[in-house]
Amino acid sequence: MGRKSLYLLIAGILAACYIYTPLPDNTEEPWKMMWVNTYVKTIIYSASFVELLGLNHFMETFNTIMSLNNVPVTSDENVTVTETKFNNIPVRVYVPKRKSEALRRGVFYIHGGGWCLGSAALKKYDLLSRWTADRLDAVVISTNYRLAPKHHFPTQFQDVYNALRWFLRKEVLAEYGVNPERVGVSGDSAGGNLAAAVTQQLLEDPDVKIKLKIQSLIYPALQTLDLDSPSYQENAQFPVLSKSLTARFWSEYFTTDRSLEKAMFSNQHVPVESSHLFKFVNWSSLLPERFKKGHVYSSPRQGSSELAKKYPGFLDVRAAPLLADDSKLRSLPQTYVITCQYDVLRDDGLMYVTRLQNAGVRVTHNHVEDGFHGVLSFLELSISHRMISQYINWLRENL
Ligand SMILES: *[C@@H]1O[C@H](CO)[C@@H](O)[C@H](O)[C@H]1NC(C)=O
Ligand SMILES: *[C@@H]1O[C@H](CO)[C@@H](O)[C@H](O)[C@H]1NC(C)=O
């Protein structure tokens, strides 16, 4: 064998090792999934490297690379797309072109990206909004919000809330031809977190007269207190969203001070004064039996009061909707929750489902056995299209 072919062989083996990812047996399209993971992994490594060199914040690089997938505002044959501002927050508006006798449904969509990444302009969100508008014959508002690390909690929450409040006014709904009795909020991942949070906040807002008909939470992040639930343990290294990346996202929501991230990663961030909150996220009592299998509950270790004093946001119900008490949950609208088996955030969703059901809220729970975090957005996978159809069908029947 010549020297050249030897080098080629070595390069090939290295590339294969880099791309190859062990996946569960029920993965539908393992090779495509490995490509998806390789793409995400490459962005993460590049952003980490740039940060290590001291050149740029990890999330800034990550977001810059992601935004290469942004698409301009363009209408197509079925949907008119425009950009405007609701209360100074930029939003994209998707209105079906076909004539409608009746007022339409309204969907207020909040994109994901760990409070640090993404926008309504990302191709995957633009397509999802387009499809929702077209197939559901609905007006879709896809909102932006300011991101970490430039902005921290509660800016993200507040931006989304301000845009939603603007939308939920009689004149505005009338302008877009939306039926005030058929408005829902929806979001994925960090967007699911924000969707759950603003839906709770609306219950306490006497100025907003129009009620949401539904909320739809797609693999939402819902609690900051326990980053060691069974789903965190089982999926700590799973593709796309590892436990360490999750701790980074969560902590960046509150601060760029990495001591919070460290404390969160070791599950030692909640001070003893706040240990009464653990009952709201006690997976031992809130998870269905089959998800507890092989795990023994221990409550998180005691953290320093100093961190909680400096960054009280991580104990705030507007950041962690699972911290709401039952009297508040009871008044929430009908709810759709998607959870994925291979997702550190799975148990957040499962616990919210239990708590909402216990509080008497009507909940449809769609647990995706072969799903992983972010799957809805990977449009190259057929599982993504299957889940989008299920989601839109649920909206058709319930909104
Ligand atoms: C518009 O709607 C028609 C009929 O449902 C469909 O065949 C077509 O693909 C849609 N166009 C776009 C750009 O989605
Ligand atoms: C969690 O729930 C278990 C079982 O219901 C209970 O024994 C334990 O005391 C609870 N722990 C906390 C911190 O609420």
# chains A, B, ... in the order shown; residues from 1 in each chain; ligands from 1
$ residues_near_ligand --ligand "ligand 2" --cutoff "10 Å" --atoms "only C-alpha atoms and all ligand atoms" --output "number ranges by chain"
A: 275-286, 297-300
$ select_by_dssp --residues "range 21-57 of chain A" --states "alpha helix (DSSP H)" --output "ChimeraX atom specification"
/A:30-52
$ write_last_selection --atoms "C-alpha atoms" --output "tab-separated table (two decimals), in the first residue's frame"
chain	number	residue	atom	x	y	z
A	30	PRO	CA	-29.81	6.11	11.92
A	31	TRP	CA	-27.50	7.42	9.20
A	32	LYS	CA	-29.41	10.61	8.66
A	33	MET	CA	-29.54	11.04	12.42
A	34	MET	CA	-25.76	10.67	12.58
A	35	TRP	CA	-25.38	13.42	10.00
A	36	VAL	CA	-27.68	15.66	11.98
A	37	ASN	CA	-25.62	14.99	15.07
A	38	THR	CA	-22.35	15.56	13.22
A	39	TYR	CA	-23.61	18.93	12.05
A	40	VAL	CA	-24.64	20.00	15.55
A	41	LYS	CA	-21.47	18.56	17.11
A	42	THR	CA	-19.30	20.46	14.63
A	43	ILE	CA	-20.95	23.77	15.49
A	44	ILE	CA	-20.54	23.05	19.22
A	45	TYR	CA	-16.86	22.13	18.87
A	46	SER	CA	-16.15	25.17	16.70
A	47	ALA	CA	-17.92	27.53	19.09
A	48	SER	CA	-16.12	25.97	22.07
A	49	PHE	CA	-12.78	26.33	20.32
A	50	VAL	CA	-13.39	29.98	19.46
A	51	GLU	CA	-14.37	30.60	23.07
A	52	LEU	CA	-11.29	28.81	24.35
$ select_by_dssp --residues "range 8-242 of chain A" --states "strand (DSSP E or B)" --output "NGL selection string"
:A and (70 or 79-86 or 89-96 or 104-110 or 122 or 138-143 or 178-188 or 214-218)
$ residues_around --residues "Ala121 in chain A" --least-positions-apart "3" --cutoff "9 Å" --atoms "only C-alpha atoms" --output "PyMOL selection string"
chain A and resi 67+69-73+92+118+124-126+142+144
$ residues_near_ligand --ligand "ligand 1" --cutoff "7 Å" --atoms "only C-alpha atoms and all ligand atoms" --output "ChimeraX atom specification"
/A:76-78
$ write_last_selection --atoms "N, CA and C atoms" --output "PDB file, in the first residue's frame"
ATOM      1  N   ASP A  76     -45.591  32.897  -0.334  1.00  0.00           N
ATOM      2  CA  ASP A  76     -45.664  31.887  -1.396  1.00  0.00           C
ATOM      3  C   ASP A  76     -47.085  31.855  -1.941  1.00  0.00           C
ATOM      4  N   GLU A  77     -47.377  30.846  -2.766  1.00  0.00           N
ATOM      5  CA  GLU A  77     -48.689  30.838  -3.423  1.00  0.00           C
ATOM      6  C   GLU A  77     -49.854  30.709  -2.427  1.00  0.00           C
ATOM      7  N   ASN A  78     -49.578  30.174  -1.221  1.00  0.00           N
ATOM      8  CA  ASN A  78     -50.663  29.943  -0.266  1.00  0.00           C
ATOM      9  C   ASN A  78     -50.683  30.893   0.933  1.00  0.00           C
TER      10      ASN A  78
END
$ atom_distance --atom1 "CA of Ala148 in chain A" --atom2 "CA of Leu203 in chain A"
26.8 Å
$ closest_atom_pairs --of "range 188-239 of chain A" --to "range 155-176 of chain A" --cutoff "9 Å" --atoms "only C-alpha atoms" --output "CSV"
residue,atom,partner,partner_atom,distance
A:Leu194,CA,A:Phe157,CA,6.1
A:Ala195,CA,A:Val160,CA,8.5
A:Ala197,CA,A:Phe157,CA,7.6
A:Val198,CA,A:Tyr161,CA,5.9
A:Thr199,CA,A:Tyr161,CA,9.0
A:Gln201,CA,A:Tyr161,CA,8.4
A:Leu202,CA,A:Tyr161,CA,8.6
A:Val208,CA,A:Arg165,CA,7.0
A:Lys209,CA,A:Arg169,CA,8.0
A:Ile210,CA,A:Leu168,CA,6.1
A:Lys211,CA,A:Leu168,CA,8.3
A:Leu212,CA,A:Leu168,CA,8.8
$ write_last_selection --atoms "N, CA, C and O atoms" --output "PDB file, in the first residue's frame"
ATOM      1  N   LEU A 194     -41.117  29.337  27.487  1.00  0.00           N
ATOM      2  CA  LEU A 194     -41.696  30.677  27.457  1.00  0.00           C
ATOM      3  C   LEU A 194     -43.207  30.611  27.248  1.00  0.00           C
ATOM      4  O   LEU A 194     -43.957  31.388  27.841  1.00  0.00           O
ATOM      5  N   ALA A 195     -43.660  29.635  26.439  1.00  0.00           N
ATOM      6  CA  ALA A 195     -45.097  29.475  26.210  1.00  0.00           C
ATOM      7  C   ALA A 195     -45.801  29.127  27.525  1.00  0.00           C
ATOM      8  O   ALA A 195     -46.829  29.733  27.868  1.00  0.00           O
ATOM      9  N   ALA A 197     -44.729  29.732  30.508  1.00  0.00           N
ATOM     10  CA  ALA A 197     -44.579  30.838  31.454  1.00  0.00           C
ATOM     11  C   ALA A 197     -45.560  31.982  31.152  1.00  0.00           C
ATOM     12  O   ALA A 197     -46.210  32.503  32.062  1.00  0.00           O
ATOM     13  N   VAL A 198     -45.680  32.356  29.879  1.00  0.00           N
ATOM     14  CA  VAL A 198     -46.594  33.471  29.566  1.00  0.00           C
ATOM     15  C   VAL A 198     -48.053  33.042  29.739  1.00  0.00           C
ATOM     16  O   VAL A 198     -48.902  33.859  30.117  1.00  0.00           O
ATOM     17  N   THR A 199     -48.340  31.771  29.488  1.00  0.00           N
ATOM     18  CA  THR A 199     -49.711  31.302  29.676  1.00  0.00           C
ATOM     19  C   THR A 199     -50.096  31.403  31.155  1.00  0.00           C
ATOM     20  O   THR A 199     -51.206  31.811  31.500  1.00  0.00           O
ATOM     21  N   GLN A 201     -48.703  33.518  33.296  1.00  0.00           N
ATOM     22  CA  GLN A 201     -48.708  34.941  33.654  1.00  0.00           C
ATOM     23  C   GLN A 201     -50.022  35.615  33.261  1.00  0.00           C
ATOM     24  O   GLN A 201     -50.522  36.473  33.983  1.00  0.00           O
ATOM     25  N   LEU A 202     -50.574  35.195  32.122  1.00  0.00           N
ATOM     26  CA  LEU A 202     -51.833  35.796  31.652  1.00  0.00           C
ATOM     27  C   LEU A 202     -52.961  35.613  32.663  1.00  0.00           C
ATOM     28  O   LEU A 202     -53.863  36.455  32.753  1.00  0.00           O
ATOM     29  N   VAL A 208     -55.714  41.870  30.404  1.00  0.00           N
ATOM     30  CA  VAL A 208     -55.942  41.075  29.199  1.00  0.00           C
ATOM     31  C   VAL A 208     -57.263  40.335  29.340  1.00  0.00           C
ATOM     32  O   VAL A 208     -57.423  39.456  30.190  1.00  0.00           O
ATOM     33  N   LYS A 209     -58.199  40.714  28.486  1.00  0.00           N
ATOM     34  CA  LYS A 209     -59.547  40.151  28.612  1.00  0.00           C
ATOM     35  C   LYS A 209     -59.711  38.878  27.776  1.00  0.00           C
ATOM     36  O   LYS A 209     -60.553  38.046  28.071  1.00  0.00           O
ATOM     37  N   ILE A 210     -58.896  38.775  26.731  1.00  0.00           N
ATOM     38  CA  ILE A 210     -59.050  37.614  25.847  1.00  0.00           C
ATOM     39  C   ILE A 210     -58.273  36.433  26.399  1.00  0.00           C
ATOM     40  O   ILE A 210     -57.105  36.546  26.737  1.00  0.00           O
ATOM     41  N   LYS A 211     -58.947  35.309  26.523  1.00  0.00           N
ATOM     42  CA  LYS A 211     -58.341  34.122  27.118  1.00  0.00           C
ATOM     43  C   LYS A 211     -57.768  33.211  26.028  1.00  0.00           C
ATOM     44  O   LYS A 211     -58.344  33.086  24.956  1.00  0.00           O
ATOM     45  N   LEU A 212     -56.687  32.546  26.361  1.00  0.00           N
ATOM     46  CA  LEU A 212     -56.134  31.556  25.428  1.00  0.00           C
ATOM     47  C   LEU A 212     -57.024  30.327  25.440  1.00  0.00           C
ATOM     48  O   LEU A 212     -57.492  29.900  26.489  1.00  0.00           O
TER      49      LEU A 212
END
$ atom_distance --atom1 "CA of Ala120 in chain A" --atom2 "CA of Ala138 in chain A"
17.0 Å
$ residues_around --residues "Gln390 in chain A" --least-positions-apart "6" --cutoff "10 Å" --atoms "only C-alpha atoms" --output "number ranges by chain"
A: 338, 366, 384, 396
$ residues_around --residues "Ile141 in chain A" --least-positions-apart "5" --cutoff "10 Å" --atoms "only C-alpha atoms" --output "list in words"
Val81, Thr82, Glu83, Thr84, Phe86, Val91, Arg92, Val93, Tyr94, Val95, Gly106, Val107, Phe108, Tyr109, Ile110, Ala120, Ser129, Ala133, Ala163, Leu164, Phe167 and Val185 of chain A
$ closest_residue --among "A:Gln233, A:Ser186, A:Thr354, A:Thr224" --to "Arg248 in chain A" --atoms "only C-alpha atoms"
A:Thr224
$ atom_distance --atom1 "CA of Glu369 in chain A" --atom2 "CA of Leu350 in chain A"
13.1 Å
